[in-house]
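Read the structure below first, then the notes.
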Amino acid sequence: MSDVILQLLNVESAYGPIKAIRGVSLKVRAGEIATVLGSNGAGKTTILKTISGIIDPRKGSIEFKGESITAKDPAHIVQRGLSHVPEGREVFPLLSVKDNLLMGAYTRRDRDGVGRDLETVFGYFPILKDRAAQDAGLLSGGQQQMLAISRAIMAGPGMILLDEPSLGLSPKLTKEIFEIVVRINRERGTTILLVEQNANMALNASDYGYVLENGRIVMEDTCERLREKDDIKEFYLGMKEEGARGERRWKKKKTWR
């Protein structure tokens, strides 16, 4: 896990005159799950969109597998082995579940491999196999998230960018999705860069983490160490320190939900 597969160096991106990320530098090592934590509007989604070529950076460089993908066409980036699961799922609602999955494999020419991966995603998410002929727009939000992740797998990527997989999902479904994300990483060796507001889930699933505030990386460490930092406990895990008989205890803030 020592080899760096993705590297951002001093990347800046903007929407018109508004800078969304400012001098972001980060590394993701092959085979790990890395996460970017931050509040709404911190720039987390912008980082993923810039990596995948949806947004061109104004400054800085992005390398994937040792090759510059800075401002490259998204199709080229997918062909290099980098898939993006966007926030809000964005499935093709009028296509069947199976056709959505096959759309994920449109750049591939290994028919046998595509068939194997199709069975793999049906193994991860059996409901998709049951509803393979159904229009994707008729799936529930959780099922569409399963479909979006599976579509990314169908591209045969070495790395997946995963944007807010728990968005709009129940705690039970969120837990199921994260369990599968970890399985994909462990069983397939797929590197994952995860953006997620559920900091507790993200830190427990990931190996390394970055904290983003106002478009800048302000902290980074292993997730094990981040979970023990006071700032993370208070602002991202919703816990505050309370003294009791000279001991240090952490309790849930009543104002957090």
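Following the order of the structure tokens, first chain is A, next is B, and so on, with residues numbered from 1 inside each chain and ligands from 1 in the order they appear.
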Next item on the list: Tell me, as number ranges by chain, which residues lie within 12 Å of Arg111 of chain A, counting only C-alpha atoms; anything in the same chain fewer than 6 positions away does not count.
Entry: A: 102, 105, 117-118, 154-156
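For Ser206 of chain A, the residues within 6 Å (counting only C-alpha atoms, excluding itself and residues fewer than 4 positions away along the chain) are Ile33, Ala34 and Ala202 of chain A.
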Please produce an output containing C-alpha atoms for each residue in the selection, written as a CSV table (one decimal), in the first residue's frame.
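Below is the file again_22.csv, written as the result:
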chain,number,residue,atom,x,y,z
A,33,ILE,CA,-9.6,3.8,1.2
A,34,ALA,CA,-8.9,7.5,1.7
A,202,ALA,CA,-16.1,7.4,6.7
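Distance check against Leu101 of chain A using only C-alpha atoms: of A:Gln134, A:Ser150, A:Thr35, A:Gln144, the minimum falls on A:Ser150.
Neighbours of Met219 of chain A closer than or equal to 12 Å, with only C-alpha atoms counted and sequence neighbours fewer than 4 positions away skipped, come out as Val24, Ser25, Leu26, Thr35, Val36, Leu37, Gly38, Tyr208, Gly209, Tyr210, Val211, Leu212, Glu213, Cys223, Arg225, Leu226, Lys229, Asp231 and Ile232 of chain A.
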Save the residues we just selected, C-alpha atoms, as a PDB file, in the first residue's frame?
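What ended up in again-v8.pdb:
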ATOM      1  CA  VAL A  24      -5.236  21.277  -2.377  1.00  0.00           C
ATOM      2  CA  SER A  25      -2.504  18.643  -2.206  1.00  0.00           C
ATOM      3  CA  LEU A  26      -3.224  15.033  -1.337  1.00  0.00           C
ATOM      4  CA  THR A  35     -11.566   9.941   2.799  1.00  0.00           C
ATOM      5  CA  VAL A  36     -12.057  13.702   2.630  1.00  0.00           C
ATOM      6  CA  LEU A  37     -14.116  15.141   5.491  1.00  0.00           C
ATOM      7  CA  GLY A  38     -15.658  18.582   5.594  1.00  0.00           C
ATOM      8  CA  TYR A 208      -6.313   7.643   5.705  1.00  0.00           C
ATOM      9  CA  GLY A 209      -8.180  10.919   5.971  1.00  0.00           C
ATOM     10  CA  TYR A 210      -8.020  14.582   5.026  1.00  0.00           C
ATOM     11  CA  VAL A 211     -10.026  17.397   6.594  1.00  0.00           C
ATOM     12  CA  LEU A 212     -11.123  20.180   4.254  1.00  0.00           C
ATOM     13  CA  GLU A 213     -12.228  23.632   5.427  1.00  0.00           C
ATOM     14  CA  CYS A 223      -8.133   7.508  10.311  1.00  0.00           C
ATOM     15  CA  ARG A 225      -5.411   8.804  14.763  1.00  0.00           C
ATOM     16  CA  LEU A 226      -7.972  11.261  13.358  1.00  0.00           C
ATOM     17  CA  LYS A 229      -8.158  14.108  17.780  1.00  0.00           C
ATOM     18  CA  ASP A 231     -11.243  18.712  16.969  1.00  0.00           C
ATOM     19  CA  ILE A 232     -12.525  15.727  15.009  1.00  0.00           C
TER      20      ILE A 232
END
Next item on the list: Compile the contact shell of Gly137 of chain A as a list in words: residues with an atom at most 9 Å away, counting only C-alpha atoms, same-chain residues fewer than 3 positions apart removed.
Entry: Val91, Phe92, Pro93, Leu94, Leu95, Ser96, Val97, Gln134, Ser140 and Gln144 of chain A
